[in-house]
$ cat query_7.tsv   # TSV, C-alpha atoms and all ligand atoms
chain	number	residue	atom	x	y	z
A	68	MET	CA	-9.35	21.71	-12.51
A	69	ASN	CA	-11.27	24.04	-14.85
A	70	GLN	CA	-14.42	25.90	-13.91
A	71	PRO	CA	-16.97	23.46	-15.46
A	72	ALA	CA	-15.30	20.54	-13.66
A	73	GLN	CA	-15.37	22.40	-10.33
A	74	ALA	CA	-18.99	23.42	-10.92
A	75	LEU	CA	-19.94	19.81	-11.68
A	76	LEU	CA	-18.31	18.58	-8.47
A	77	ALA	CA	-20.04	21.34	-6.50
A	78	GLN	CA	-23.46	20.28	-7.88
A	79	MET	CA	-23.02	16.64	-6.91
A	80	PRO	CA	-25.12	15.08	-4.14
A	81	GLN	CA	-24.21	16.06	-0.60
A	82	LEU	CA	-22.96	13.43	1.81
A	83	GLN	CA	-25.18	14.23	4.77
A	84	PRO	CA	-24.27	13.72	8.44
A	85	GLY	CA	-25.39	10.25	9.51
A	86	HIS	CA	-25.30	8.91	5.96
A	87	VAL	CA	-22.96	6.29	4.46
A	88	TRP	CA	-21.72	6.20	0.89
A	89	LEU	CA	-20.38	2.89	-0.28
A	90	ALA	CA	-18.02	3.68	-3.13
A	91	GLY	CA	-15.84	1.68	-5.48
A	92	ALA	CA	-12.28	2.92	-5.92
A	93	GLY	CA	-11.55	0.93	-9.08
A	94	PRO	CA	-8.76	-1.59	-9.57
A	95	GLY	CA	-5.88	0.65	-8.50
A	96	ASP	CA	-5.09	3.46	-10.93
A	97	PRO	CA	-6.42	6.66	-9.27
A	98	GLY	CA	-7.46	7.87	-12.72
A	99	LEU	CA	-10.18	5.22	-12.72
A	100	LEU	CA	-11.99	6.78	-9.78
A	101	THR	CA	-15.47	8.17	-10.52
A	102	LEU	CA	-16.37	11.78	-9.86
A	103	HIS	CA	-19.01	10.69	-7.34
A	104	ALA	CA	-16.34	8.76	-5.41
A	105	LEU	CA	-14.03	11.79	-5.53
A	106	SER	CA	-16.86	13.99	-4.30
A	107	GLY	CA	-17.52	11.53	-1.46
A	108	LEU	CA	-13.83	11.52	-0.52
A	109	GLN	CA	-13.80	15.30	-0.33
A	110	GLN	CA	-16.94	15.49	1.81
A	111	ALA	CA	-16.45	12.58	4.19
A	112	ASP	CA	-15.20	13.10	7.72
A	113	ALA	CA	-14.76	9.34	8.20
A	114	ILE	CA	-13.27	7.12	5.49
A	115	VAL	CA	-13.42	3.37	6.05
A	116	HIS	CA	-11.25	1.74	3.41
A	117	ASP	CA	-9.98	-1.59	2.17
A	118	ALA	CA	-6.40	-2.76	1.66
A	119	LEU	CA	-6.53	-2.56	-2.11
A	120	VAL	CA	-7.32	1.16	-2.21
A	121	ASP	CA	-4.31	3.10	-3.52
A	122	PRO	CA	-2.84	5.58	-0.98
A	123	ARG	CA	-2.98	8.27	-3.67
A	124	ILE	CA	-6.76	7.85	-3.75
A	125	LEU	CA	-6.97	8.10	0.04
A	126	GLY	CA	-4.84	11.23	-0.26
A	127	LEU	CA	-7.66	12.88	-2.24
A	128	GLY	CA	-9.83	12.86	0.88
A	129	ASN	CA	-10.31	15.68	3.31
A	130	PRO	CA	-7.02	15.81	5.30
A	131	ASP	CA	-8.95	16.08	8.56
A	132	ALA	CA	-11.10	13.02	7.87
A	133	GLU	CA	-10.56	10.03	10.12
A	134	ARG	CA	-9.20	7.12	8.08
A	135	ILE	CA	-10.10	3.66	9.31
A	136	PHE	CA	-8.40	0.64	7.74
A	137	ALA	CA	-10.86	-2.21	7.33
A	138	GLY	CA	-8.72	-4.32	5.06
A	139	LYS	CA	-8.98	-8.01	4.58
A	140	ARG	CA	-5.80	-9.50	3.18
A	141	GLY	CA	-5.17	-13.25	3.24
A	142	GLY	CA	-2.82	-14.29	6.05
A	143	LYS	CA	-2.74	-10.88	7.72
A	144	PRO	CA	-4.74	-9.68	10.72
A	145	SER	CA	-7.98	-8.26	9.45
A	146	MET	CA	-11.19	-6.72	10.66
A	147	GLU	CA	-14.10	-9.16	10.71
A	148	GLN	CA	-16.99	-8.31	8.40
A	149	ALA	CA	-19.30	-7.90	11.40
A	150	ASP	CA	-16.86	-5.39	12.94
A	151	ILE	CA	-16.72	-3.43	9.69
A	152	THR	CA	-20.49	-3.09	9.44
A	153	ALA	CA	-20.69	-2.30	13.17
A	154	THR	CA	-18.12	0.47	12.65
A	155	LEU	CA	-20.18	1.94	9.81
A	156	VAL	CA	-23.28	1.90	11.99
A	157	VAL	CA	-21.50	3.53	14.97
A	158	LEU	CA	-20.00	6.26	12.80
A	159	ALA	CA	-23.31	7.02	11.08
A	160	ARG	CA	-25.19	7.09	14.39
A	161	ALA	CA	-22.61	9.58	15.68
A	162	GLY	CA	-23.63	11.89	12.85
A	163	ARG	CA	-20.48	11.41	10.80
A	164	ARG	CA	-20.35	11.69	7.01
A	165	VAL	CA	-19.09	8.22	6.20
A	166	LEU	CA	-17.40	7.04	3.03
A	167	ARG	CA	-16.91	3.28	2.81
A	168	LEU	CA	-14.32	2.89	0.08
A	169	LYS	CA	-13.72	-0.51	-1.50
A	170	GLY	CA	-11.46	-1.76	-4.24
A	171	GLY	CA	-13.07	-2.24	-7.65
A	172	ASP	CA	-16.86	-2.19	-7.46
A	173	PRO	CA	-18.54	-2.59	-4.05
A	174	TYR	CA	-21.09	-5.04	-5.42
A	175	VAL	CA	-18.67	-7.35	-7.27
A	176	PHE	CA	-17.17	-9.87	-4.86
A	177	GLY	CA	-16.88	-7.00	-2.41
A	178	ARG	CA	-19.49	-7.87	0.24
A	179	GLY	CA	-21.19	-4.56	-0.50
A	180	GLY	CA	-24.56	-6.27	-0.48
A	181	GLU	CA	-24.06	-7.45	3.10
A	182	GLU	CA	-23.00	-4.01	4.25
A	183	VAL	CA	-25.94	-2.13	2.75
A	184	LEU	CA	-28.36	-4.72	4.12
A	185	VAL	CA	-27.14	-4.02	7.66
A	186	LEU	CA	-27.32	-0.27	7.05
A	187	ALA	CA	-30.88	-0.60	5.76
A	188	GLU	CA	-31.85	-2.81	8.72
A	189	GLN	CA	-30.51	-0.12	11.03
A	190	GLY	CA	-32.38	2.62	9.19
A	191	ILE	CA	-29.18	4.33	8.05
A	192	PRO	CA	-29.47	6.10	4.68
A	193	PHE	CA	-26.84	5.02	2.19
A	194	ARG	CA	-25.84	5.43	-1.41
A	195	VAL	CA	-23.84	3.03	-3.58
A	196	ILE	CA	-21.31	4.50	-6.00
A	197	PRO	CA	-20.19	1.90	-8.53
A	198	GLY	CA	-16.52	1.49	-9.31
A	199	ILE	CA	-14.66	-0.11	-12.17
A	200	THR	CA	-14.32	-3.74	-11.23
A	201	ALA	CA	-10.96	-5.49	-11.66
A	202	GLY	CA	-12.55	-7.82	-14.19
A	203	ILE	CA	-13.18	-4.86	-16.50
A	204	GLY	CA	-10.48	-2.33	-15.64
A	205	GLY	CA	-7.84	-4.99	-15.05
A	206	LEU	CA	-8.49	-6.62	-18.38
A	207	ALA	CA	-8.28	-3.27	-20.17
A	208	ALA	CA	-4.97	-2.51	-18.47
A	209	ALA	CA	-3.68	-5.88	-19.69
A	210	LEU	CA	-4.86	-5.19	-23.26
A	211	ILE	CA	-7.50	-7.91	-23.07
A	212	PRO	CA	-11.03	-6.96	-24.21
A	213	ALA	CA	-13.80	-8.43	-22.08
A	214	THR	CA	-15.77	-9.20	-25.23
A	215	LEU	CA	-14.54	-9.49	-28.76
A	216	ARG	CA	-16.81	-9.76	-31.76
A	217	GLY	CA	-16.58	-13.22	-33.23
A	218	VAL	CA	-14.92	-14.65	-30.12
A	219	ASN	CA	-17.41	-14.44	-27.26
A	220	GLN	CA	-21.04	-13.59	-26.68
A	221	ALA	CA	-20.81	-13.63	-22.89
A	222	VAL	CA	-18.21	-13.31	-20.19
A	223	VAL	CA	-18.28	-15.01	-16.80
A	224	PHE	CA	-17.02	-13.45	-13.58
A	225	ALA	CA	-16.31	-16.10	-10.97
A	226	THR	CA	-14.61	-16.24	-7.61
A	227	GLY	CA	-12.02	-18.87	-6.77
A	228	HIS	CA	-12.43	-18.13	-3.10
A	229	GLY	CA	-13.46	-21.31	-1.33
A	230	ALA	CA	-11.95	-23.63	-3.93
A	231	GLU	CA	-9.90	-26.46	-2.43
A	232	ASP	CA	-6.87	-28.00	-4.01
A	233	GLY	CA	-8.29	-31.47	-3.62
A	234	GLU	CA	-10.11	-34.07	-5.63
A	235	HIS	CA	-13.30	-32.00	-5.47
A	236	ILE	CA	-13.46	-28.28	-5.26
A	237	ALA	CA	-15.45	-27.04	-2.33
A	238	GLY	CA	-17.76	-24.08	-2.59
A	239	SER	CA	-20.53	-23.40	-5.00
A	240	VAL	CA	-18.72	-22.77	-8.28
A	241	ASP	CA	-19.35	-25.53	-10.81
A	242	TRP	CA	-16.11	-25.13	-12.80
A	243	GLN	CA	-16.91	-27.94	-15.19
A	244	GLY	CA	-20.30	-26.35	-15.86
A	245	LEU	CA	-18.64	-22.99	-16.53
A	246	ALA	CA	-16.18	-24.69	-18.88
A	247	ARG	CA	-19.07	-26.14	-20.87
A	248	LEU	CA	-20.43	-22.63	-21.52
A	249	GLY	CA	-17.46	-22.13	-23.85
A	250	GLN	CA	-17.24	-18.45	-22.88
A	251	PRO	CA	-14.29	-16.61	-21.33
A	252	ILE	CA	-14.02	-16.81	-17.55
A	253	VAL	CA	-12.50	-14.09	-15.40
A	254	ILE	CA	-11.65	-15.48	-11.99
A	255	TYR	CA	-11.13	-13.32	-8.91
A	256	MET	CA	-9.37	-14.56	-5.75
A	257	ALA	CA	-8.18	-17.67	-7.52
A	258	ILE	CA	-4.43	-17.64	-7.25
A	259	THR	CA	-4.09	-20.15	-4.40
A	260	HIS	CA	-6.27	-22.57	-6.32
A	261	VAL	CA	-4.91	-22.16	-9.82
A	262	ALA	CA	-4.00	-25.85	-10.15
A	263	ALA	CA	-7.34	-27.16	-8.92
A	264	ILE	CA	-9.40	-24.71	-10.99
A	265	THR	CA	-7.38	-25.46	-14.11
A	266	ARG	CA	-7.86	-29.17	-13.62
A	267	GLU	CA	-11.63	-28.73	-13.27
A	268	LEU	CA	-11.89	-26.52	-16.35
A	269	LEU	CA	-9.96	-29.11	-18.38
A	270	ALA	CA	-12.22	-31.85	-17.00
A	271	GLY	CA	-15.19	-29.73	-18.10
A	272	GLY	CA	-14.00	-29.94	-21.68
A	273	LEU	CA	-11.90	-26.83	-22.28
A	274	ALA	CA	-9.00	-27.60	-24.62
A	275	ALA	CA	-5.50	-27.79	-23.16
A	276	ASN	CA	-4.38	-25.00	-25.48
A	277	THR	CA	-7.15	-22.58	-24.45
A	278	PRO	CA	-5.44	-19.21	-23.97
A	279	ALA	CA	-5.10	-18.23	-20.32
A	280	ALA	CA	-3.55	-15.32	-18.46
A	281	VAL	CA	-2.78	-14.12	-14.98
A	282	ILE	CA	-2.92	-10.36	-14.40
A	283	GLN	CA	-1.24	-9.19	-11.23
A	284	SER	CA	-1.84	-5.72	-9.71
A	285	ALA	CA	-3.68	-4.58	-12.79
A	286	SER	CA	-3.59	-0.87	-13.61
A	287	THR	CA	-0.90	-0.18	-11.00
A	288	PRO	CA	2.85	0.28	-11.42
A	289	LYS	CA	3.24	-3.29	-10.13
A	290	GLN	CA	1.21	-4.73	-12.99
A	291	ARG	CA	2.55	-7.95	-14.46
A	292	VAL	CA	0.85	-10.17	-17.01
A	293	LEU	CA	1.52	-13.82	-17.72
A	294	VAL	CA	0.09	-15.31	-20.91
A	295	SER	CA	-0.05	-19.08	-21.15
A	296	THR	CA	-2.41	-21.90	-21.99
A	297	LEU	CA	-4.87	-23.55	-19.66
A	298	ALA	CA	-2.83	-26.76	-19.33
A	299	ALA	CA	0.45	-24.95	-18.78
A	300	LEU	CA	-0.94	-22.23	-16.50
A	301	PRO	CA	-0.15	-23.81	-13.08
A	302	ALA	CA	3.50	-24.48	-13.97
A	303	ASP	CA	3.97	-21.18	-15.78
A	304	PHE	CA	2.37	-19.32	-12.91
A	305	ALA	CA	4.58	-21.07	-10.34
A	306	ALA	CA	7.67	-20.18	-12.39
A	307	SER	CA	6.58	-16.58	-12.96
A	308	GLY	CA	6.85	-15.33	-9.39
A	309	LEU	CA	3.58	-13.44	-9.83
A	310	GLY	CA	1.55	-12.80	-6.69
A	311	THR	CA	-1.63	-11.15	-5.49
A	312	PRO	CA	-3.89	-9.38	-6.14
A	313	ALA	CA	-4.43	-11.17	-9.39
A	314	LEU	CA	-7.06	-12.30	-11.84
A	315	ILE	CA	-7.06	-15.40	-13.98
A	316	VAL	CA	-8.53	-15.00	-17.45
A	317	VAL	CA	-9.37	-18.05	-19.54
A	318	GLY	CA	-10.55	-17.87	-23.15
A	319	GLY	CA	-9.93	-16.63	-26.66
A	320	ILE	CA	-10.05	-12.96	-25.65
A	321	VAL	CA	-6.56	-13.38	-24.14
A	322	THR	CA	-4.94	-13.70	-27.58
A	323	MET	CA	-5.74	-10.07	-28.33
A	324	ARG	CA	-2.98	-8.94	-25.96
A	325	GLU	CA	-0.23	-10.65	-27.94
A	326	ARG	CA	-1.66	-9.42	-31.24
A	327	LEU	CA	-1.71	-5.83	-30.02
A	328	LEU	CA	1.80	-6.05	-28.55
A	329	GLN	CA	3.18	-7.44	-31.79
A	330	LEU	CA	1.74	-4.46	-33.64
A	331	LEU	CA	2.65	-1.83	-31.06
A	332	PRO	CA	5.09	-3.10	-28.38
A	333	GLU	CA	5.08	0.20	-26.47
A	334	LEU	CA	1.46	-0.49	-25.50
A	335	ALA	CA	2.78	-2.70	-22.70
A	336	GLU	CA	4.01	0.38	-20.87
A	337	ALA	CA	1.36	2.81	-22.05
A	338	ALA	CA	-1.48	0.72	-20.65
A	339	VAL	CA	-0.40	1.51	-17.08
A	340	TRP	CA	-0.24	5.05	-15.80
A	341	ARG	CA	2.97	5.55	-13.88
A	342	ALA	CA	2.94	8.82	-12.04
A	343	PRO	CA	6.21	10.75	-12.39
B	1	LIG	C1	-12.30	-9.27	-2.50
B	1	LIG	S1	-12.14	-9.22	-4.25
B	1	LIG	C2	-12.71	-7.59	-4.52
B	1	LIG	C3	-13.08	-7.32	-5.95
B	1	LIG	C4	-13.48	-5.89	-6.18
B	1	LIG	N1	-14.71	-5.58	-5.48
B	1	LIG	C5	-13.65	-5.57	-7.66
B	1	LIG	O1	-14.78	-5.28	-8.10
B	1	LIG	O2	-12.67	-5.60	-8.38
B	1	LIG	C6	-10.40	-9.07	-4.43
B	1	LIG	C7	-9.91	-9.72	-5.70
B	1	LIG	O3	-10.14	-8.86	-6.80
B	1	LIG	C8	-9.11	-9.03	-7.75
B	1	LIG	N2	-8.42	-7.75	-7.90
B	1	LIG	C9	-8.71	-6.59	-7.32
B	1	LIG	N3	-7.90	-5.60	-7.74
B	1	LIG	C10	-7.05	-6.18	-8.63
B	1	LIG	C11	-5.99	-5.70	-9.43
B	1	LIG	N4	-5.60	-4.41	-9.41
B	1	LIG	N5	-5.34	-6.57	-10.23
B	1	LIG	C12	-5.72	-7.86	-10.30
B	1	LIG	N6	-6.72	-8.37	-9.57
B	1	LIG	C13	-7.39	-7.54	-8.74
B	1	LIG	C14	-8.17	-10.10	-7.21
B	1	LIG	O4	-8.61	-11.35	-7.72
B	1	LIG	C15	-8.43	-10.01	-5.73
B	1	LIG	O5	-8.13	-11.21	-5.07
$ encode --input "query_7.tsv" --output "structure tokens"
Amino acid sequence: MNQPAQALLAQMPQLQPGHVWLAGAGPGDPGLLTLHALSGLQQADAIVHDALVDPRILGLGNPDAERIFAGKRGGKPSMEQADITATLVVLARAGRRVLRLKGGDPYVFGRGGEEVLVLAEQGIPFRVIPGITAGIGGLAAALIPATLRGVNQAVVFATGHGAEDGEHIAGSVDWQGLARLGQPIVIYMAITHVAAITRELLAGGLAANTPAAVIQSASTPKQRVLVSTLAALPADFAASGLGTPALIVVGGIVTMRERLLQLLPELAEAAVWRAP
């Protein structure tokens, strides 16, 4: 690291004893970490992290820092949200310098709002360091622009969490209403409900041939991208063997990937940084 970069890091805010920084680690690629998050990693003596944070990012932290796994992965034993916030409070009250590191951005489907509310209620000073959310960084890694002039004037981020594969989809997302917006939809935590969500979007008026994609493990060496159409997505996804974490992207922006790959096929590899 050159001298200006070191000087910049040295001038960054100090993580004080008894304070908590809630930082986003980005979608996976360590290169997408912010300098504030890196600074927090280097200063923290307690790092409370999620499952989706790359071990190479955790490796940037102070080697003596206590690392506490607070991951929540479907089907696996996980720490309850109340236990996570209680842990943050206990560590801060003990005078520790606490970094709460989350995948993507802490405030985008990351329960960051709940955590800072508890900290504030307990009088614990905190700072939120944004991260690159999967819906932005993951799309870029898959060669899909979030907005494209002439294609969309808005982009919707939605969560599929809570959707049921039944006649009606539980939860608060009005998929048919989102379909009627006619704007691309980026759906987090949707993989288990791909069939139900697709059905609702079609019922809401989206055309069967609307471009659709699934991006698995975006920006990591495990990245895989499936490009399909809305109607064919459930079957193509089932046949693809793709898994989590993954995003579903629905809308005209998806076609850009194929156009770019036709022009420059090596982009498929170049978009993902594979460390030697
Ligand atoms: C609990 S949400 C957390 C989102 C995170 N706060 C963010 O801003 O990206 C987890 C979901 O984010 C999406 N996700 C996170 N990282 C991803 C990645 N590298 N590739 C694809 N999807 C990802 C998946 O939909 C996953 O189920």
$ closest_residue --input "query_7.tsv" --among "A:Ser286, A:Gln73, A:Asn219, A:Thr259" --to "Gly98 of chain A" --atoms "only C-alpha atoms"
A:Ser286
$ closest_atom_pairs --input "query_7.tsv" --of "chain A" --to "ligand LIG 1 (chain B)" --cutoff "7 Å" --atoms "only C-alpha atoms and all ligand atoms" --output "tab-separated table"
residue	atom	partner	partner_atom	distance
A:Gly93	CA	B:LIG1	O2	6.7
A:Pro94	CA	B:LIG1	N4	4.2
A:Gly95	CA	B:LIG1	N4	5.1
A:Leu119	CA	B:LIG1	N3	6.5
A:Lys169	CA	B:LIG1	N1	6.5
A:Gly170	CA	B:LIG1	C4	5.0
A:Gly171	CA	B:LIG1	C5	3.4
A:Asp172	CA	B:LIG1	O1	3.8
A:Pro173	CA	B:LIG1	N1	5.1
A:Tyr174	CA	B:LIG1	N1	6.4
A:Val175	CA	B:LIG1	O1	4.5
A:Phe176	CA	B:LIG1	C3	4.9
A:Gly177	CA	B:LIG1	N1	4.0
A:Ile199	CA	B:LIG1	O1	6.6
A:Thr200	CA	B:LIG1	O1	3.5
A:Ala201	CA	B:LIG1	O2	3.7
A:Gly202	CA	B:LIG1	O2	6.2
A:Gly205	CA	B:LIG1	N5	5.7
A:Ile254	CA	B:LIG1	O4	6.7
A:Tyr255	CA	B:LIG1	O4	3.4
A:Met256	CA	B:LIG1	O5	3.6
A:Ala257	CA	B:LIG1	O4	6.3
A:Ile282	CA	B:LIG1	C12	5.6
A:Gln283	CA	B:LIG1	C12	4.8
A:Ser284	CA	B:LIG1	N5	3.6
A:Ala285	CA	B:LIG1	N5	3.6
A:Ser286	CA	B:LIG1	N4	5.8
A:Thr287	CA	B:LIG1	N4	6.5
A:Thr311	CA	B:LIG1	O5	6.5
A:Pro312	CA	B:LIG1	C14	4.5
A:Ala313	CA	B:LIG1	N6	3.6
A:Leu314	CA	B:LIG1	O4	4.5
$ closest_residue --input "query_7.tsv" --among "A:Ala159, A:Met323, A:Glu188, A:Pro197" --to "Val218 of chain A" --atoms "all atoms listed in the file"
A:Met323
$ residues_around --input "query_7.tsv" --residues "Val165 of chain A" --least-positions-apart "6" --cutoff "12 Å" --atoms "only C-alpha atoms" --output "ChimeraX atom specification"
/A:81-90,104,107-116,128-129,132-135,152,154-159,186,191-194
$ closest_residue --input "query_7.tsv" --among "A:Arg216, A:Arg178, A:Arg163, A:His260" --to "Glu147 of chain A" --atoms "only C-alpha atoms"
A:Arg178
$ atom_distance --input "query_7.tsv" --atom1 "atom CA of Glu336 of chain A" --atom2 "atom CA of Ala221 of chain A"
28.6 Å
$ atom_distance --input "query_7.tsv" --atom1 "atom CA of Arg167 of chain A" --atom2 "atom CA of Ile203 of chain A"
21.3 Å
$ closest_residue --input "query_7.tsv" --among "A:Ala149, A:Val281, A:Ala161, A:Leu76" --to "His103 of chain A" --atoms "only C-alpha atoms"
A:Leu76
$ atom_distance --input "query_7.tsv" --atom1 "atom CA of Leu127 of chain A" --atom2 "atom CA of Leu100 of chain A"
10.6 Å
$ closest_residue --input "query_7.tsv" --among "A:Ala118, A:Val292, A:Leu75, A:Ile124" --to "Leu206 of chain A" --atoms "only C-alpha atoms"
A:Val292
$ residues_around --input "query_7.tsv" --residues "Ala302 of chain A" --least-positions-apart "4" --cutoff "10 Å" --atoms "all atoms listed in the file" --output "number ranges by chain"
A: 261-262, 295, 298, 306-307
